[in-house]
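Visitor: Below is my_file.cif; it holds mmCIF, C-alpha atoms.
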data_my_file
loop_
_atom_site.label_atom_id
_atom_site.label_comp_id
_atom_site.auth_asym_id
_atom_site.auth_seq_id
_atom_site.Cartn_x
_atom_site.Cartn_y
_atom_site.Cartn_z
CA MET A 5 0.00 0.00 0.00
CA PRO A 6 1.51 3.34 -1.00
CA THR A 7 2.49 5.79 1.70
CA ILE A 8 0.91 9.19 2.03
CA LEU A 9 3.91 10.78 0.37
CA GLN A 10 3.82 8.26 -2.46
CA GLN A 11 0.15 9.04 -2.96
CA ALA A 12 0.98 12.73 -2.98
CA MET A 13 3.75 12.24 -5.52
CA ASN A 14 1.48 10.07 -7.64
CA LEU A 15 -1.01 12.90 -7.76
CA LEU A 16 1.70 15.14 -9.13
CA VAL A 17 3.52 12.97 -11.61
CA GLY A 18 1.22 10.00 -12.18
CA ASP A 19 1.74 6.53 -10.76
CA GLN A 20 1.83 4.44 -13.91
CA PRO A 21 4.42 5.01 -16.65
CA ASN A 22 2.07 3.91 -19.48
CA ARG A 23 -0.65 6.29 -18.45
CA PRO A 24 -0.34 9.98 -19.25
CA ALA A 25 0.44 11.89 -16.11
CA THR A 26 -2.56 13.79 -14.84
CA LYS A 27 -2.37 16.52 -12.30
CA SER A 28 -5.32 17.69 -10.30
CA SER A 29 -5.43 21.39 -9.55
CA ARG A 30 -6.62 20.55 -6.04
CA PRO A 31 -4.93 17.25 -5.13
CA LEU A 32 -4.99 17.94 -1.38
CA ARG A 33 -8.79 17.75 -1.45
CA GLN A 34 -8.44 13.99 -1.66
CA PHE A 35 -6.62 13.72 1.65
CA THR A 36 -8.23 13.17 5.01
CA ASP A 37 -7.38 15.36 7.99
CA ASN A 38 -5.15 12.60 9.37
CA GLN A 39 -3.28 12.35 6.09
CA LEU A 40 -2.76 16.12 5.98
CA ILE A 41 -1.49 15.99 9.56
CA LYS A 42 1.07 13.37 8.54
CA LEU A 43 2.23 15.59 5.68
CA GLU A 44 2.48 18.56 8.05
CA SER A 45 4.51 16.45 10.46
CA GLU A 46 7.01 15.70 7.68
CA ILE A 47 7.84 19.39 7.97
CA GLY A 48 7.25 19.69 11.71
CA LYS A 49 9.72 16.99 12.62
CA THR A 50 12.53 18.82 10.82
CA LEU A 51 12.17 22.04 12.86
CA PHE A 52 14.51 20.78 15.59
CA GLY A 53 17.42 19.80 13.38
CA ASP A 54 18.64 16.43 12.16
CA ILE A 55 16.90 13.37 13.54
CA PRO A 56 19.42 10.88 14.98
CA LYS A 57 19.71 7.55 13.20
CA GLY A 58 17.28 5.05 14.63
CA HIS A 59 14.92 7.71 15.89
CA LYS A 60 11.44 8.40 14.62
CA ARG A 61 10.00 11.79 15.43
CA ASP A 62 6.72 13.56 14.84
CA PHE A 63 5.71 17.09 15.75
CA PHE A 64 2.36 18.33 14.57
CA CYS A 65 -0.75 20.36 15.26
CA LEU A 66 -3.52 17.91 16.15
CA ASP A 67 -6.37 20.42 16.30
CA GLU A 68 -7.03 24.07 17.19
CA GLU A 69 -5.88 23.57 20.78
CA THR A 70 -3.43 20.68 20.76
CA TRP A 71 0.13 19.97 19.65
CA ILE A 72 1.83 16.59 19.76
CA TRP A 73 5.50 15.69 20.22
CA HIS A 74 6.22 12.00 19.63
CA GLU A 75 9.58 10.28 19.49
CA VAL A 76 10.55 6.61 19.32
CA TRP A 77 14.11 5.32 19.69
CA THR A 78 16.14 2.39 20.96
CA ASP A 79 18.43 2.91 23.95
CA LYS A 80 21.96 1.54 24.30
CA ASP A 81 20.61 -1.66 25.88
CA GLY A 82 18.37 -2.31 22.90
CA HIS A 83 15.17 -1.36 24.64
CA LYS A 84 12.58 0.49 22.61
CA LYS A 85 11.73 3.86 24.12
CA GLU A 86 8.77 6.04 23.28
CA GLN A 87 7.71 9.47 24.42
CA THR A 88 4.47 11.22 23.61
CA ILE A 89 3.79 14.68 24.97
CA ARG A 90 0.64 16.65 24.43
CA TYR A 91 0.64 20.43 24.63
CA GLU A 92 -2.78 21.95 25.24
CA ILE A 93 -3.28 25.67 24.61
CA HIS A 94 -5.35 27.34 27.30
CA PRO A 95 -6.12 31.06 27.83
CA ASN A 96 -3.83 31.25 30.87
CA GLY A 97 -0.95 29.22 29.44
CA ILE A 98 0.09 26.06 27.65
CA LEU A 99 -0.46 22.84 29.56
CA LYS A 100 2.09 20.07 29.03
CA VAL A 101 0.68 16.57 29.50
CA ASP A 102 3.28 13.81 29.72
CA GLY A 103 1.63 10.49 30.41
CA ALA A 104 -1.39 10.09 32.62
CA LYS A 105 -0.08 11.80 35.75
CA ASN A 106 2.40 14.50 34.77
CA TYR A 107 0.95 17.81 33.73
CA ASN A 108 2.01 21.42 34.26
CA LEU A 109 1.90 24.82 32.62
CA ILE A 110 5.17 25.32 30.77
CA LYS A 111 7.15 28.51 31.24
CA GLY A 112 10.49 30.11 30.55
CA GLN A 113 12.73 28.63 27.88
CA GLU A 114 10.45 25.70 27.15
CA LEU A 115 7.52 28.03 26.47
CA LEU A 116 9.67 30.19 24.20
CA ASN A 117 10.95 27.13 22.34
CA LEU A 118 7.46 25.74 21.77
CA THR A 119 5.95 29.01 20.61
CA THR A 120 8.90 29.60 18.28
CA ALA A 121 8.48 26.10 16.85
CA ILE A 122 4.75 26.73 16.36
CA ARG A 123 5.51 29.98 14.53
CA MET A 124 8.06 28.27 12.28
CA TYR A 125 5.64 25.39 11.66
CA ARG A 126 3.00 27.86 10.50
CA GLU A 127 5.39 29.63 8.14
CA ARG A 128 6.76 26.48 6.53
CA VAL A 129 3.57 24.40 6.41
CA MET A 130 1.54 27.25 4.95
CA ARG A 131 4.14 28.07 2.31
CA GLU A 132 5.48 24.62 1.42
CA LEU A 133 2.45 22.38 1.83
CA TYR A 134 -0.61 24.56 1.42
CA LYS A 135 1.00 27.18 -0.85
CA ARG A 136 -0.52 30.06 1.05
CA ASP A 137 0.88 33.21 2.56
CA HIS A 138 1.59 32.42 6.21
CA ARG A 139 0.41 35.87 7.32
CA THR A 140 -2.74 36.42 5.26
CA GLY A 141 -3.70 32.95 4.05
CA ALA A 142 -3.78 34.20 0.45
CA LEU A 143 -2.87 31.71 -2.24
CA LEU A 144 0.70 31.87 -3.50
CA THR A 145 0.07 29.76 -6.58
CA GLY A 146 -2.68 28.72 -8.93
CA GLU A 147 -2.10 25.13 -7.87
CA PRO A 148 -2.34 25.17 -4.08
CA GLY A 149 -2.32 21.44 -3.64
CA LEU A 150 1.23 20.73 -4.78
CA VAL A 151 3.07 18.82 -2.13
CA SER A 152 6.68 19.27 -1.13
CA HIS A 153 8.53 16.43 0.54
CA HIS A 154 10.96 17.03 3.40
CA GLY A 155 12.86 14.65 5.54
CA MET B 27 19.84 25.53 7.15
CA ALA B 28 17.63 28.54 7.74
CA ASN B 29 14.69 28.33 10.12
CA THR B 30 16.17 25.50 12.11
CA ILE B 31 16.37 25.14 15.86
CA SER B 32 19.73 23.62 16.68
CA TYR B 33 20.47 21.84 19.91
CA PRO B 34 23.53 20.60 21.74
CA THR B 35 25.13 17.49 20.22
CA SER B 36 25.41 16.06 23.71
CA TYR B 37 21.65 16.04 23.96
CA ASN B 38 20.27 13.12 25.91
CA HIS B 39 17.30 11.75 24.00
CA THR B 40 15.45 10.70 27.09
CA ARG B 41 14.16 14.27 27.24
CA ASN B 42 11.95 16.25 24.96
CA LEU B 43 13.87 18.63 22.71
CA ILE B 44 11.47 21.44 23.48
CA GLU B 45 12.70 21.36 27.08
CA GLN B 46 16.30 21.93 26.06
CA PRO B 47 18.11 25.28 26.05
CA LEU B 48 18.03 25.76 22.32
CA SER B 49 19.91 28.02 20.00
CA ILE B 50 17.21 29.41 17.79
CA GLN B 51 17.83 30.72 14.31
CA HIS B 52 14.73 32.38 13.08
CA GLU B 53 14.94 34.76 10.18
CA THR B 54 11.45 36.12 9.95
CA GLU B 55 8.83 37.71 12.11
CA ALA B 56 11.17 38.68 14.90
CA HIS B 57 9.26 40.22 17.74
CA THR B 58 11.01 42.97 19.62
CA PHE B 59 10.00 45.35 22.33
CA ASP B 60 10.94 48.94 21.64
CA VAL B 61 11.93 50.56 24.92
CA SER B 62 11.83 53.97 23.27
CA GLU B 63 8.06 53.65 23.19
CA MET B 64 7.95 53.83 26.98
CA ASP B 65 7.55 57.09 28.75
CA SER B 66 11.03 58.37 29.46
CA GLN B 67 10.26 59.08 33.10
CA THR B 68 8.90 55.61 33.86
CA ALA B 69 11.21 53.54 31.70
CA GLY B 70 13.97 53.44 34.25
CA ASP B 71 11.90 53.13 37.38
CA ASN B 72 9.74 50.05 37.40
CA THR B 73 10.13 49.59 41.13
CA LYS B 74 7.55 52.16 42.10
CA TYR B 75 4.95 50.04 40.32
CA ASN B 76 6.08 46.97 42.28
CA VAL B 77 6.30 44.91 39.10
CA THR B 78 7.49 41.51 40.21
CA GLN B 79 9.16 38.94 38.00
CA ALA B 80 6.26 36.59 38.65
CA VAL B 81 3.83 39.08 37.17
CA ILE B 82 6.08 39.65 34.18
CA ASP B 83 6.35 35.89 33.65
CA GLN B 84 2.61 35.46 33.88
CA VAL B 85 2.00 38.22 31.33
CA GLN B 86 4.53 36.59 29.04
CA ASN B 87 2.82 33.22 29.47
CA ILE B 88 -0.54 34.69 28.54
CA ASN B 89 0.85 36.63 25.57
CA LEU B 90 2.70 33.62 24.20
CA SER B 91 -0.31 31.38 24.74
CA LYS B 92 -2.50 33.85 22.88
CA GLU B 93 -0.03 33.94 19.99
CA ALA B 94 0.17 30.14 19.94
CA SER B 95 -3.61 29.89 19.99
CA ASP B 96 -4.02 32.35 17.10
CA THR B 97 -1.29 30.61 15.11
CA THR B 98 -2.76 27.16 15.65
CA LYS B 99 -6.25 28.27 14.64
CA PHE B 100 -4.79 29.92 11.54
CA ILE B 101 -3.08 26.69 10.46
CA VAL B 102 -6.27 24.69 10.84
CA ALA B 103 -8.53 27.27 9.19
CA TYR B 104 -6.37 28.57 6.34
CA GLY B 105 -4.27 25.47 5.77
CA ARG B 106 -5.97 22.21 6.53
CA THR B 107 -9.60 23.22 6.16
CA LEU B 108 -9.22 25.30 3.00
CA ALA B 109 -7.06 22.64 1.36
CA ARG B 110 -9.93 20.19 1.63
CA SER B 111 -12.81 22.54 0.90
CA GLN B 112 -11.68 24.57 -2.11
#
Please express the file's structure as structure tokens.

Guide:
Amino acid sequence: MPTILQQAMNLLVGDQPNRPATKSSRPLRQFTDNQLIKLESEIGKTLFGDIPKGHKRDFFCLDEETWIWHEVWTDKDGHKKEQTIRYEIHPNGILKVDGAKNYNLIKGQELLNLTTAIRMYRERVMRELYKRDHRTGALLTGEPGLVSHHG
Amino acid sequence: MANTISYPTSYNHTRNLIEQPLSIQHETEAHTFDVSEMDSQTAGDNTKYNVTQAVIDQVQNINLSKEASDTTKFIVAYGRTLARSQ
């Protein structure tokens, strides 16, 4: 089964060599919200620099109030490690939820880092994935659905 | 690479990168506070207003949360939703 990125590329260049390549002017319409989130995360996971070999990372906007950090890796003893952190945006601050019991409002450097990452995510996802101005939302191209691959 | 948050190479991956003291390279939309906009007589004397660091931190938390909220709603409305509806 083709991956989301393969599906996206197929929409752009065609998936069968004997068939003329067709290109929809709105290929992103065919994607579900979850598929769009995965494409956004392809950009989001690159915001923090190179991903170490053997690590899998995701960073994405889940909905209007929630961001997700997820990382999977194997430690030096060969044990698989996984970390999922949810950041919830509230009027009085951003709540960090790590597991079932650990939650607190983030502050200081961590808050600055997260809000900077969110700002960068908006700029790059809007421009590179949705082809829209990240300040106004205006289209930057006549073909807004073209997908860029990162990672 | 532009628009990349770099982090120490000694980073221990048992912790979330967002928690780390990061070196941030961000080329656009820098937000600065222009001190010259303050009244010249009050700019150098915050003490008489008893402005504590805790209050400043709380204001910063609220401002950053508001910005994060607006940004997140923008991504969903102008990115994800419009991509599927137009």

Visitor: Mind dumping a table of every chain B residue within 7 Å of chain A, with the nearest atom pair and its distance in Å to one decimal, using only C-alpha atoms, sorted by chain and rising number, as a Markdown table?

Guide:
| residue | atom | partner | partner_atom | distance |
| --- | --- | --- | --- | --- |
| B:Asn29 | CA | A:Met124 | CA | 7.0 |
| B:Thr30 | CA | A:Leu51 | CA | 5.3 |
| B:Ile31 | CA | A:Phe52 | CA | 4.7 |
| B:Ser32 | CA | A:Gly53 | CA | 5.6 |
| B:Ile44 | CA | A:Glu114 | CA | 5.7 |
| B:Glu45 | CA | A:Glu114 | CA | 4.9 |
| B:Pro47 | CA | A:Gln113 | CA | 6.6 |
| B:Asn87 | CA | A:Gly97 | CA | 5.5 |
| B:Ile88 | CA | A:Asn96 | CA | 5.3 |
| B:Leu90 | CA | A:Thr119 | CA | 6.7 |
| B:Ser91 | CA | A:Gly97 | CA | 5.2 |
| B:Lys92 | CA | A:Pro95 | CA | 6.7 |
| B:Ala94 | CA | A:Thr119 | CA | 5.9 |
| B:Ser95 | CA | A:Ile93 | CA | 6.3 |
| B:Thr97 | CA | A:Arg123 | CA | 6.9 |
| B:Thr98 | CA | A:Glu68 | CA | 5.5 |
| B:Lys99 | CA | A:Glu68 | CA | 5.0 |
| B:Ile101 | CA | A:Arg126 | CA | 6.2 |
| B:Val102 | CA | A:Glu68 | CA | 6.4 |
| B:Tyr104 | CA | A:Gly141 | CA | 5.6 |
| B:Gly105 | CA | A:Tyr134 | CA | 5.8 |
| B:Arg106 | CA | A:Leu40 | CA | 6.9 |
| B:Ala109 | CA | A:Leu32 | CA | 5.8 |
| B:Arg110 | CA | A:Arg33 | CA | 4.1 |
| B:Ser111 | CA | A:Arg33 | CA | 6.7 |

Visitor: One decimal, Å: what's the distance from atom CA of Glu46 of chain A over to atom CA of Gly103 of chain A, could you say?

Guide: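 Computing it gives 23.9 Å between the two atoms.
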
Visitor: Distance atom CA of Ile72 of chain A-atom CA of Val81 of chain B, one decimal place?

Guide: 28.5 Å

Visitor: Atom CA of Arg61 of chain A and atom CA of Asp81 of chain A are how many Å apart?

Guide: 20.1 Å
